[in-house]
Amino acid sequence: MFYREAGDFKTSYRDDSQTFPIRLDRMGYYILMFVAFLVVPFFINDYWVNAVFAPFLIYAIAALGLNILTGYAGQVSLGTGGFMAVGAYASYKLMTSFPEVSILIHIILAGGITAVVGVAFGLPSLRIKGFYLAVATLAAQFFLVWVFNKVPWFYNYSASGQINAPERSVFGVIVTGPNTEAWAKYMICLVFVVVLAWVARNLTRGMMGRKWMGIRDMDIAAEIIGVNPLMAKMSAFAVSSFFVGIAGALFFTVYLGAAEAGEAFGITKSFLILFMIIIGGLGSIFGSFAGAAFMVLMPVFLKNVLVGGLGWPTDLAAHFEFMIVGGLIVVFLIVEPHGLAQLWRLTKEKLRLWPFPH
Amino acid sequence: MPEQLLFAMEVTLNGLMAGVLYALVALGFVLIFKASGIFNYAQGVMALFAALTLVGIQQGQVPFAHLINAIFGTEVHHFPWQVPSLIAIVLAAGVMILFAWIVEKYVLQHLIGQPDIILFMATIGLAYFMEGFGDIMWGSDIKKLDVGLPQGMNATIDQVTFDWFGYGFFIDNLDIVAAIVASLLVAALTIFSQYSKQGRALRAVADDHSAALSVGISLRFIWVLVWSIAGFVALVAGIMWGAKSGVQFSLSLIALKALPVLMLGGFTSIPGAIVGGLIIGVGEQLFEFTIGPMIGGATQNWFAYVLALIFLIFRPQGLFGEKIIERV
Amino acid sequence: MTTTTDMNADSYVTADGRTIGPVVMDMKNITLRFGGVVAIKDISFDIREGEIRAIIGPNGAGKSSMLNVISGFYKPQEGEVWFRGEKRPPMKPYQVARQGLARTFQNIALFDGMTVLDNIMTGRLNHMKANLLQQAIWKGKAEREEIANREICEKVIDFLEIQHIRKTPVGRLPYGLKKRVELARALAAQPSLLLLDEPMAGMNVEEKEDMSRFILDMNDEFGTTIALIEHDMGVVMDLSDRVVVMDYGKKIGDGTPDEVRNNQDVIDAYLGVSHD
């Protein structure tokens, strides 16, 4: 009854194209921001930030990135893990080479470096399409991980072959290394997420997004009406990799603290992010968040119920997770190819008519 | 003959043998792709699942023993019997046919008319599901698969090459068997698709779904048929790989290598799958042998993919694929 | 209509008072082959500013191929395309679009995942210049440009009477409306030459009348030069200023609807005299 656009008249095209056209949505958004920035930091502890919030926020960035490439521009990539590794190793090299520069700049630069690498591996997309491209991106995945394992320069010749994030701080607050406090970890991820989600929204609602979707829906027609396929695809790869690179940098510096390419950024990571956007919703900003939340929370939930509650061995619970994830992918593709985002939209449409559905 | 060259020849031969195994997995992909236009990512996991099932049946494992034990607190593991290899293979093939039927009924039926890429992602989901399911059903420990295939160095080849070159080539008997089985399988499939009624129907479906439907071919039957055949091919591949390196999770990753094989050979060509498999097999062995030591080794991890990627840039339809004419 | 109009002059005025200007697009001796098949054989014709030019012919005559040559999707093996007095170098389709060509497609080529409004906005893409960074920030140039171009699209939406489906995803629309949205997208580009590939294919009589009206109005109100392919002889004859007739890849007639109607080759082609 309260959730509706009636009476909320738009008098300009600017109002009409805003992100949350319905007043209640807008309020919900403000409340969410208020809670995220001013409430959660005061209550968060190490368990919650490590088990839920940090992975959720970081994966949300990666999912946003992959969604731009796959959901909006229609180019399927199985190389997300490899690109995250680029972000991680780039931030590591920058942090250790220029310790006096702020880590924020390092993380953003790491995104930029990943964007360049992404464009390089995206070039074949001009010639090959669909799952041919998906398989081609596997080349990026395996090659990049191999490079980071085999070239000692990338891990500063450390004996273990691992990279370790040194302690860095932002405005006097430690954000990386073992002495980081829970709220600081949370806040740095949150800031990146909010800014990047806003950028993603801006890009996808404007002409860039329309070009991407044009290439996705019908590439030949898009080219004939004036979309330069090279620019459209390369910009999608660049922006997507930028996001994924930042996610990789945060994943290593803030979340893991220490990483090894094959283990932290293997092919399973690529699939994990892909699953997030399928379950969350292809071509949806909200879906990227929903998918990330789902894929982070589900294992935590399963572990609590199966291992903690029923006392099953952990490996059995892990196999169950595989089954459930796989099954859900199939179910979502069959029942709701647009994922959680579409379910949410439908719920809202119903709500808009409530209590008079006819 | 110089020693390096002999080494290289041995490496090439072994590469050819490995290539046969890649080709076996790729064959399953091609079959399904031709008949239904579905790029079945789960083919590799199907090979793993088939091999797991075979070993499980053979050794008389209790299915879902882990799960049963966890829920009921029991301690069951094995039935008090072992099943002879041949019967176990037949039973495992039966399981794969059942699996094909289930996939058709509960997955493919509901995805008819969806874009290719959605179907592709659905098979990724399927792969994950099967992986978890297989592990729960049969346990995730590494299993030894032995159906009585000859293994170890082939003494004759060793002896003959030693007499010729003064250097004995190491060729595994199992690889030779694999090559023979693969050739037989391809021959059988070719005969089946060229000369049998079902084979013709299968090719008709591959050409045009709706046209095939309109002349009275049952799409459902064809799909179950082709997934069953692919399941059987997976079983054969699973036996070969399993006998070579044990039945374990990494088997499904090795099967990923079939993807670049397909990109080289073209998704619709059976000869392409074989030639592609051999090229990748030989290529990655030789590359690791010649360039590998200079750049840190383990290049097999990515060589196949990068080769396929570079190749595709110049010939997007693969070696044997048909050129796509775009129209509006 | 009297014989005082000299159609060879630089410009002339039609009976209904529209001014037809000089030649915009000149196709010279175009030949297009696909492997061994000759789709277009040595065809020349021109399109003049402000006119409605039709290309007709039986199925498989090479009409759509001709349109694809004009829009740069197919590259002819022989012949030259002259646009606004200059020979067009080999170009990608998107570069052709930037020269001010817009088109519709025989089998509707809309972006199904986008709303009607977004589809029409894609027509404006050659007019929007904000770069990636400006778009990422949105506030400022990107937003101003978006709003200014939205206004143009809204005018087109009003003109084609599709206000009510503005925010509907295109995939959900019926065929007739899709055709109209596609026209809107082409029109939003404010093209100097508009190519319509069978704009009335598969429509019922009422929809055809609507479409004819839109085509005439477009030409009349915005002075858009239009080249269209059509099956329906009746419609074509009523709409167009000049008609090219193609058959088996060859040009068999070119002139005003009246001239074409009385051309023996055209009559033969349509009534099915055997070819030898």
# chains A, B, ... in the order shown; residues from 1 in each chain; ligands from 1
$ select_by_dssp --residues "segment 126-197 of chain A" --states "strand (DSSP E)" --output "ChimeraX atom specification"
/A:163-164,169-170,173-174
$ write_last_selection --atoms "N, CA and C atoms" --output "short mmCIF file (atom, residue, chain, number, x, y, z; two decimals), in the first residue's frame"
data_model
loop_
_atom_site.label_atom_id
_atom_site.label_comp_id
_atom_site.auth_asym_id
_atom_site.auth_seq_id
_atom_site.Cartn_x
_atom_site.Cartn_y
_atom_site.Cartn_z
N ILE A 163 53.17 -14.24 -1.16
CA ILE A 163 53.31 -12.80 -0.96
C ILE A 163 52.62 -12.45 0.36
N ASN A 164 53.25 -11.54 1.11
CA ASN A 164 52.70 -11.13 2.39
C ASN A 164 52.49 -9.63 2.40
N SER A 169 48.79 1.97 6.62
CA SER A 169 47.64 2.61 7.25
C SER A 169 47.11 3.74 6.38
N VAL A 170 45.87 4.05 6.61
CA VAL A 170 45.20 5.15 5.91
C VAL A 170 44.71 6.13 6.97
N VAL A 173 45.11 4.98 10.45
CA VAL A 173 44.45 3.74 10.88
C VAL A 173 45.06 2.58 10.11
N ILE A 174 45.49 1.56 10.84
CA ILE A 174 46.10 0.41 10.16
C ILE A 174 45.01 -0.36 9.40
#
$ interface_residues --of "chain B" --to "chain A" --cutoff "9 Å" --atoms "only C-alpha atoms" --output "compact mmCIF listing (two decimals) with C-alpha atoms, in the first residue's frame"
# COMPACT_ATOMS: atom_id res chain seq x y z
CA PHE B 39 28.59 -27.19 -25.11
CA HIS B 66 29.67 -41.50 4.27
CA LEU B 67 26.28 -39.89 4.38
CA ALA B 70 27.08 -39.46 9.34
CA ILE B 71 23.32 -39.54 9.74
CA VAL B 107 17.49 -30.20 -17.13
CA HIS B 110 13.39 -27.10 -19.39
CA LEU B 111 16.09 -25.21 -21.21
CA ASP B 116 23.67 -21.28 -26.04
CA ILE B 117 25.55 -19.49 -23.34
CA ILE B 118 22.82 -20.20 -20.77
CA LEU B 119 22.97 -23.88 -21.65
CA PHE B 120 26.73 -23.77 -21.31
CA MET B 121 26.47 -22.29 -17.85
CA ALA B 122 23.83 -24.85 -16.94
CA THR B 123 26.30 -27.60 -17.75
CA ILE B 124 28.83 -25.90 -15.48
CA GLY B 125 26.23 -26.15 -12.74
CA LEU B 126 25.66 -29.75 -13.69
CA ALA B 127 29.38 -30.41 -13.43
CA TYR B 128 29.49 -29.02 -9.91
CA PHE B 129 26.46 -31.00 -8.91
CA MET B 130 27.89 -34.25 -10.24
CA GLU B 131 31.20 -33.64 -8.61
CA GLY B 132 29.61 -33.21 -5.21
CA PHE B 133 27.22 -36.05 -5.84
CA GLY B 134 29.97 -38.42 -6.97
CA ASP B 135 32.03 -37.63 -3.91
CA ILE B 136 29.13 -38.14 -1.54
CA GLY B 139 33.87 -40.94 -1.21
CA SER B 140 36.52 -38.51 -2.31
CA LEU B 259 38.33 -27.64 -24.35
CA PRO B 260 41.37 -26.27 -26.17
CA MET B 263 38.85 -25.13 -30.15
CA ILE B 295 61.12 -20.64 -18.26
CA GLY B 296 60.56 -22.63 -15.11
CA GLY B 297 58.65 -25.69 -16.28
CA ALA B 298 55.08 -26.85 -15.67
CA THR B 299 54.07 -25.22 -18.93
CA ASN B 301 49.30 -25.93 -17.20
CA TRP B 302 48.63 -23.34 -19.83
CA PHE B 303 50.24 -24.32 -23.11
CA ALA B 304 47.13 -25.94 -24.59
CA TYR B 305 44.96 -22.93 -23.81
CA VAL B 306 47.37 -20.35 -25.10
CA LEU B 307 48.00 -22.36 -28.26
CA ALA B 308 44.28 -22.63 -28.87
CA LEU B 309 43.82 -18.93 -28.14
CA ILE B 310 46.49 -17.86 -30.61
CA LEU B 312 41.66 -19.08 -32.85
CA ILE B 313 42.64 -15.50 -33.51
CA PHE B 314 43.69 -16.57 -36.98
CA ARG B 315 41.07 -19.18 -37.64
CA PRO B 316 38.04 -18.66 -35.38
CA GLN B 317 36.17 -21.72 -36.63
CA GLU B 326 27.08 -13.63 -40.74
CA ARG B 327 23.87 -12.12 -41.98
CA VAL B 328 21.26 -9.68 -40.82
$ residues_around --residues "segment 19-22 of chain B" --least-positions-apart "3" --cutoff "10 Å" --atoms "only C-alpha atoms" --output "PyMOL selection string"
chain B and resi 13-16+25-27+175-176+178-183+236-238+240-241+254-262+273-285
$ write_last_selection --atoms "N, CA and C atoms" --output "tab-separated table (two decimals), in the first residue's frame"
chain	number	residue	atom	x	y	z
B	13	LEU	N	56.20	-39.28	-29.20
B	13	LEU	CA	55.36	-40.48	-29.15
B	13	LEU	C	54.48	-40.48	-27.91
B	14	ASN	N	55.07	-40.14	-26.77
B	14	ASN	CA	54.28	-40.10	-25.54
B	14	ASN	C	53.21	-39.02	-25.61
B	15	GLY	N	53.58	-37.91	-26.29
B	15	GLY	CA	52.61	-36.84	-26.48
B	15	GLY	C	51.44	-37.32	-27.31
B	16	LEU	N	51.74	-38.08	-28.34
B	16	LEU	CA	50.67	-38.64	-29.18
B	16	LEU	C	49.73	-39.48	-28.33
B	25	VAL	N	38.17	-37.59	-24.50
B	25	VAL	CA	37.26	-36.70	-23.77
B	25	VAL	C	36.59	-35.74	-24.74
B	26	ALA	N	37.41	-35.20	-25.67
B	26	ALA	CA	36.88	-34.23	-26.62
B	26	ALA	C	35.77	-34.84	-27.47
B	27	LEU	N	35.91	-36.12	-27.75
B	27	LEU	CA	34.92	-36.82	-28.55
B	27	LEU	C	33.52	-36.71	-27.93
B	175	ASP	N	48.94	-46.87	-22.78
B	175	ASP	CA	48.75	-45.87	-23.82
B	175	ASP	C	48.43	-46.53	-25.16
B	176	ILE	N	49.10	-47.64	-25.40
B	176	ILE	CA	48.84	-48.34	-26.66
B	176	ILE	C	47.40	-48.86	-26.68
B	178	ALA	N	44.96	-47.64	-25.03
B	178	ALA	CA	44.08	-46.48	-25.16
B	178	ALA	C	43.94	-46.08	-26.62
B	179	ALA	N	45.06	-46.07	-27.34
B	179	ALA	CA	45.02	-45.67	-28.74
B	179	ALA	C	44.15	-46.63	-29.53
B	180	ILE	N	44.31	-47.93	-29.24
B	180	ILE	CA	43.51	-48.92	-29.97
B	180	ILE	C	42.02	-48.76	-29.66
B	181	VAL	N	41.73	-48.63	-28.35
B	181	VAL	CA	40.33	-48.48	-27.95
B	181	VAL	C	39.72	-47.23	-28.59
B	182	ALA	N	40.49	-46.14	-28.57
B	182	ALA	CA	39.98	-44.90	-29.14
B	182	ALA	C	39.68	-45.07	-30.62
B	183	SER	N	40.58	-45.74	-31.34
B	183	SER	CA	40.33	-45.93	-32.77
B	183	SER	C	39.08	-46.76	-32.99
B	236	VAL	N	34.67	-44.75	-20.98
B	236	VAL	CA	35.90	-45.26	-21.58
B	236	VAL	C	37.07	-44.33	-21.23
B	237	ALA	N	36.84	-43.03	-21.40
B	237	ALA	CA	37.89	-42.07	-21.06
B	237	ALA	C	38.25	-42.18	-19.59
B	238	GLY	N	37.22	-42.33	-18.75
B	238	GLY	CA	37.45	-42.44	-17.31
B	238	GLY	C	38.29	-43.66	-16.97
B	240	MET	N	40.46	-45.16	-18.92
B	240	MET	CA	41.84	-44.96	-19.36
B	240	MET	C	42.60	-44.01	-18.45
B	241	TRP	N	41.99	-42.84	-18.21
B	241	TRP	CA	42.64	-41.88	-17.32
B	241	TRP	C	42.82	-42.46	-15.93
B	254	ILE	N	41.88	-32.38	-15.71
B	254	ILE	CA	42.58	-32.81	-16.92
B	254	ILE	C	41.61	-32.75	-18.09
B	255	ALA	N	40.38	-33.08	-17.78
B	255	ALA	CA	39.37	-33.08	-18.83
B	255	ALA	C	39.12	-31.68	-19.38
B	256	LEU	N	39.43	-30.66	-18.58
B	256	LEU	CA	39.33	-29.28	-19.06
B	256	LEU	C	40.18	-29.08	-20.30
B	257	LYS	N	41.26	-29.86	-20.36
B	257	LYS	CA	42.16	-29.75	-21.51
B	257	LYS	C	41.46	-30.09	-22.81
B	258	ALA	N	40.38	-30.85	-22.69
B	258	ALA	CA	39.65	-31.19	-23.91
B	258	ALA	C	39.09	-29.92	-24.56
B	259	LEU	N	38.91	-28.87	-23.78
B	259	LEU	CA	38.33	-27.64	-24.35
B	259	LEU	C	39.25	-27.02	-25.41
B	260	PRO	N	40.52	-26.77	-25.09
B	260	PRO	CA	41.37	-26.27	-26.17
B	260	PRO	C	41.49	-27.24	-27.34
B	261	VAL	N	41.44	-28.52	-27.03
B	261	VAL	CA	41.45	-29.50	-28.12
B	261	VAL	C	40.31	-29.21	-29.09
B	262	LEU	N	39.16	-28.96	-28.52
B	262	LEU	CA	37.98	-28.70	-29.34
B	262	LEU	C	38.13	-27.40	-30.11
B	273	ALA	N	38.41	-33.45	-33.43
B	273	ALA	CA	38.69	-33.75	-32.03
B	273	ALA	C	39.95	-34.60	-31.92
B	274	ILE	N	40.10	-35.53	-32.84
B	274	ILE	CA	41.25	-36.43	-32.76
B	274	ILE	C	42.54	-35.70	-33.13
B	275	VAL	N	42.48	-34.99	-34.27
B	275	VAL	CA	43.69	-34.27	-34.69
B	275	VAL	C	44.05	-33.22	-33.64
B	276	GLY	N	43.03	-32.50	-33.16
B	276	GLY	CA	43.26	-31.49	-32.13
B	276	GLY	C	43.90	-32.11	-30.90
B	277	GLY	N	43.39	-33.26	-30.48
B	277	GLY	CA	43.93	-33.94	-29.31
B	277	GLY	C	45.39	-34.29	-29.51
B	278	LEU	N	45.70	-34.80	-30.69
B	278	LEU	CA	47.09	-35.20	-30.95
B	278	LEU	C	48.00	-33.97	-30.98
B	279	ILE	N	47.51	-32.89	-31.62
B	279	ILE	CA	48.34	-31.68	-31.69
B	279	ILE	C	48.65	-31.16	-30.29
B	280	ILE	N	47.58	-31.09	-29.45
B	280	ILE	CA	47.79	-30.59	-28.09
B	280	ILE	C	48.70	-31.52	-27.32
B	281	GLY	N	48.44	-32.81	-27.43
B	281	GLY	CA	49.24	-33.78	-26.70
B	281	GLY	C	50.72	-33.66	-27.03
B	282	VAL	N	51.02	-33.67	-28.33
B	282	VAL	CA	52.41	-33.57	-28.77
B	282	VAL	C	52.96	-32.19	-28.45
B	283	GLY	N	52.17	-31.17	-28.78
B	283	GLY	CA	52.62	-29.79	-28.61
B	283	GLY	C	53.05	-29.51	-27.19
B	284	GLU	N	52.21	-29.89	-26.21
B	284	GLU	CA	52.56	-29.50	-24.84
B	284	GLU	C	53.75	-30.30	-24.32
B	285	GLN	N	53.88	-31.55	-24.76
B	285	GLN	CA	55.05	-32.34	-24.34
B	285	GLN	C	56.33	-31.75	-24.93
$ closest_residue --among "C:Pro90, C:Asn119, C:Tyr12, C:Asp197" --to "chain B" --atoms "only C-alpha atoms"
C:Asp197
$ atom_distance --atom1 "atom CA of Arg205 of chain A" --atom2 "atom CA of Ile113 of chain A"
25.5 Å
$ residues_around --residues "segment 2-9 of chain B" --least-positions-apart "4" --cutoff "8 Å" --atoms "only C-alpha atoms" --output "PDB file with C-alpha atoms, in the first residue's frame"
ATOM      1  CA  LEU B  13      55.356 -40.482 -29.149  1.00  0.00           C
ATOM      2  CA  TYR B 167      68.210 -46.247 -27.172  1.00  0.00           C
ATOM      3  CA  LEU B 286      57.483 -30.926 -26.882  1.00  0.00           C
ATOM      4  CA  PHE B 289      60.726 -30.561 -23.280  1.00  0.00           C
TER       5      PHE B 289
END
$ residues_around --residues "segment 58-63 of chain C" --least-positions-apart "6" --cutoff "8 Å" --atoms "only C-alpha atoms" --output "list in words"
Ala39, Ile40, Ile229, His231, Met246, Asp247, Tyr248, Gly249, Lys250, Ala269 and Tyr270 of chain C
$ write_last_selection --atoms "N, CA and C atoms" --output "CSV table (one decimal), in the first residue's frame"
chain,number,residue,atom,x,y,z
C,39,ALA,N,25.2,-12.1,-56.2
C,39,ALA,CA,24.0,-11.6,-55.6
C,39,ALA,C,23.5,-10.3,-56.3
C,40,ILE,N,24.5,-9.5,-56.7
C,40,ILE,CA,24.2,-8.2,-57.3
C,40,ILE,C,25.1,-8.1,-58.5
C,229,ILE,N,13.1,-0.9,-49.1
C,229,ILE,CA,12.9,-2.2,-49.8
C,229,ILE,C,11.5,-2.6,-49.5
C,231,HIS,N,8.1,-5.4,-50.6
C,231,HIS,CA,7.5,-6.5,-51.4
C,231,HIS,C,6.2,-6.0,-52.0
C,246,MET,N,14.7,-4.8,-59.2
C,246,MET,CA,15.7,-5.8,-59.3
C,246,MET,C,15.1,-7.1,-59.5
C,247,ASP,N,15.9,-7.9,-60.3
C,247,ASP,CA,15.5,-9.3,-60.5
C,247,ASP,C,16.7,-10.1,-60.7
C,248,TYR,N,16.9,-11.2,-60.0
C,248,TYR,CA,18.1,-12.0,-60.2
C,248,TYR,C,19.4,-11.2,-60.1
C,249,GLY,N,19.4,-10.3,-59.2
C,249,GLY,CA,20.7,-9.5,-59.1
C,249,GLY,C,20.9,-8.4,-60.1
C,250,LYS,N,20.0,-8.3,-61.1
C,250,LYS,CA,20.2,-7.3,-62.1
C,250,LYS,C,19.1,-6.2,-61.9
C,269,ALA,N,8.8,-9.9,-65.0
C,269,ALA,CA,9.4,-10.4,-63.7
C,269,ALA,C,8.3,-10.7,-62.7
C,270,TYR,N,7.4,-9.9,-62.6
C,270,TYR,CA,6.3,-10.1,-61.6
C,270,TYR,C,5.3,-11.1,-62.0
$ interface_residues --of "chain C" --to "chain B" --cutoff "12 Å" --atoms "only C-alpha atoms" --output "number ranges by chain"
C: 34-35, 64-65, 67-68, 71, 73-74, 103-110, 197
$ write_last_selection --atoms "C-alpha atoms" --output "PDB file, in the first residue's frame"
ATOM      1  CA  PHE C  34      29.252 -14.785 -52.311  1.00  0.00           C
ATOM      2  CA  GLY C  35      31.698 -17.420 -53.458  1.00  0.00           C
ATOM      3  CA  SER C  64      18.593  -6.831 -48.988  1.00  0.00           C
ATOM      4  CA  SER C  65      22.126  -7.393 -50.236  1.00  0.00           C
ATOM      5  CA  LEU C  67      20.870  -2.390 -48.651  1.00  0.00           C
ATOM      6  CA  ASN C  68      23.675  -4.164 -46.860  1.00  0.00           C
ATOM      7  CA  SER C  71      25.101   0.370 -45.028  1.00  0.00           C
ATOM      8  CA  PHE C  73      27.876  -4.530 -43.995  1.00  0.00           C
ATOM      9  CA  TYR C  74      28.773  -6.215 -47.288  1.00  0.00           C
ATOM     10  CA  ARG C 103      18.548   1.665 -41.002  1.00  0.00           C
ATOM     11  CA  THR C 104      15.993  -0.888 -39.940  1.00  0.00           C
ATOM     12  CA  PHE C 105      16.197  -4.598 -40.534  1.00  0.00           C
ATOM     13  CA  GLN C 106      14.047  -7.156 -42.256  1.00  0.00           C
ATOM     14  CA  ASN C 107      14.061  -9.476 -39.258  1.00  0.00           C
ATOM     15  CA  ILE C 108      13.837  -6.900 -36.515  1.00  0.00           C
ATOM     16  CA  ALA C 109      17.189  -6.315 -34.883  1.00  0.00           C
ATOM     17  CA  LEU C 110      16.306  -4.668 -31.604  1.00  0.00           C
ATOM     18  CA  ASP C 197      14.385  -3.038 -45.026  1.00  0.00           C
TER      19      ASP C 197
END
$ interface_residues --of "chain A" --to "chain C" --cutoff "7 Å" --atoms "only C-alpha atoms" --output "PyMOL selection string"
chain A and resi 13-14+199+202-203+206-207+210+214+217-218+221+223-228
$ residues_around --residues "segment 146-159 of chain B" --least-positions-apart "5" --cutoff "8 Å" --atoms "only C-alpha atoms" --output "list in words"
Ser85, Leu86, Tyr167, Gly168, Phe169, Phe170, Ile171, Asp172, Asn173, Leu174, Val177 and Ala243 of chain B
$ write_last_selection --atoms "C-alpha atoms" --output "JSON list (two decimals), in the first residue's frame"
[["chain", "number", "residue", "atom", "x", "y", "z"],
["B", 85, "SER", "CA", 35.38, -56.00, -14.14],
["B", 86, "LEU", "CA", 33.23, -56.71, -17.17],
["B", 167, "TYR", "CA", 68.21, -46.25, -27.17],
["B", 168, "GLY", "CA", 65.04, -47.92, -25.95],
["B", 169, "PHE", "CA", 61.82, -45.91, -26.12],
["B", 170, "PHE", "CA", 59.60, -45.98, -23.07],
["B", 171, "ILE", "CA", 56.02, -46.42, -24.20],
["B", 172, "ASP", "CA", 53.37, -47.46, -21.71],
["B", 173, "ASN", "CA", 51.26, -50.47, -22.68],
["B", 174, "LEU", "CA", 48.23, -48.67, -21.33],
["B", 177, "VAL", "CA", 45.63, -49.94, -25.44],
["B", 243, "ALA", "CA", 44.03, -46.60, -14.87]]
$ atom_distance --atom1 "atom CA of Gly266 of chain A" --atom2 "atom CA of Ser77 of chain A"
13.8 Å
$ select_by_dssp --residues "segment 23-188 of chain C" --states "helix (DSSP H, G or I)" --output "JSON, numbers by chain"
{"C": [63, 64, 65, 66, 67, 68, 69, 70, 93, 94, 95, 96, 97, 98, 116, 117, 118, 119, 120, 121, 122, 125, 126, 127, 132, 133, 134, 135, 136, 137, 141, 142, 143, 144, 145, 146, 147, 148, 149, 150, 151, 152, 153, 154, 155, 156, 157, 158, 159, 160, 163, 164, 165, 170, 171, 172, 175, 176, 177, 178, 179, 180, 181, 182, 183, 184, 185, 186, 187, 188]}
$ residues_around --residues "Trp81 of chain B" --least-positions-apart "4" --cutoff "10 Å" --atoms "only C-alpha atoms" --output "PDB file with N, CA and C atoms, in the first residue's frame"
ATOM      1  N   ILE B  57      31.435 -49.883  -7.896  1.00  0.00           N
ATOM      2  CA  ILE B  57      30.709 -51.134  -8.128  1.00  0.00           C
ATOM      3  C   ILE B  57      31.654 -52.323  -8.037  1.00  0.00           C
ATOM      4  N   GLN B  58      32.789 -52.154  -8.676  1.00  0.00           N
ATOM      5  CA  GLN B  58      33.767 -53.235  -8.727  1.00  0.00           C
ATOM      6  C   GLN B  58      34.178 -53.691  -7.323  1.00  0.00           C
ATOM      7  N   GLN B  59      34.425 -52.710  -6.478  1.00  0.00           N
ATOM      8  CA  GLN B  59      34.924 -53.057  -5.146  1.00  0.00           C
ATOM      9  C   GLN B  59      33.802 -53.270  -4.142  1.00  0.00           C
ATOM     10  N   GLY B  60      32.573 -53.219  -4.645  1.00  0.00           N
ATOM     11  CA  GLY B  60      31.448 -53.474  -3.758  1.00  0.00           C
ATOM     12  C   GLY B  60      31.268 -52.424  -2.679  1.00  0.00           C
ATOM     13  N   GLN B  61      31.550 -51.168  -3.033  1.00  0.00           N
ATOM     14  CA  GLN B  61      31.345 -50.097  -2.044  1.00  0.00           C
ATOM     15  C   GLN B  61      29.854 -49.869  -1.807  1.00  0.00           C
TER      16      GLN B  61
END
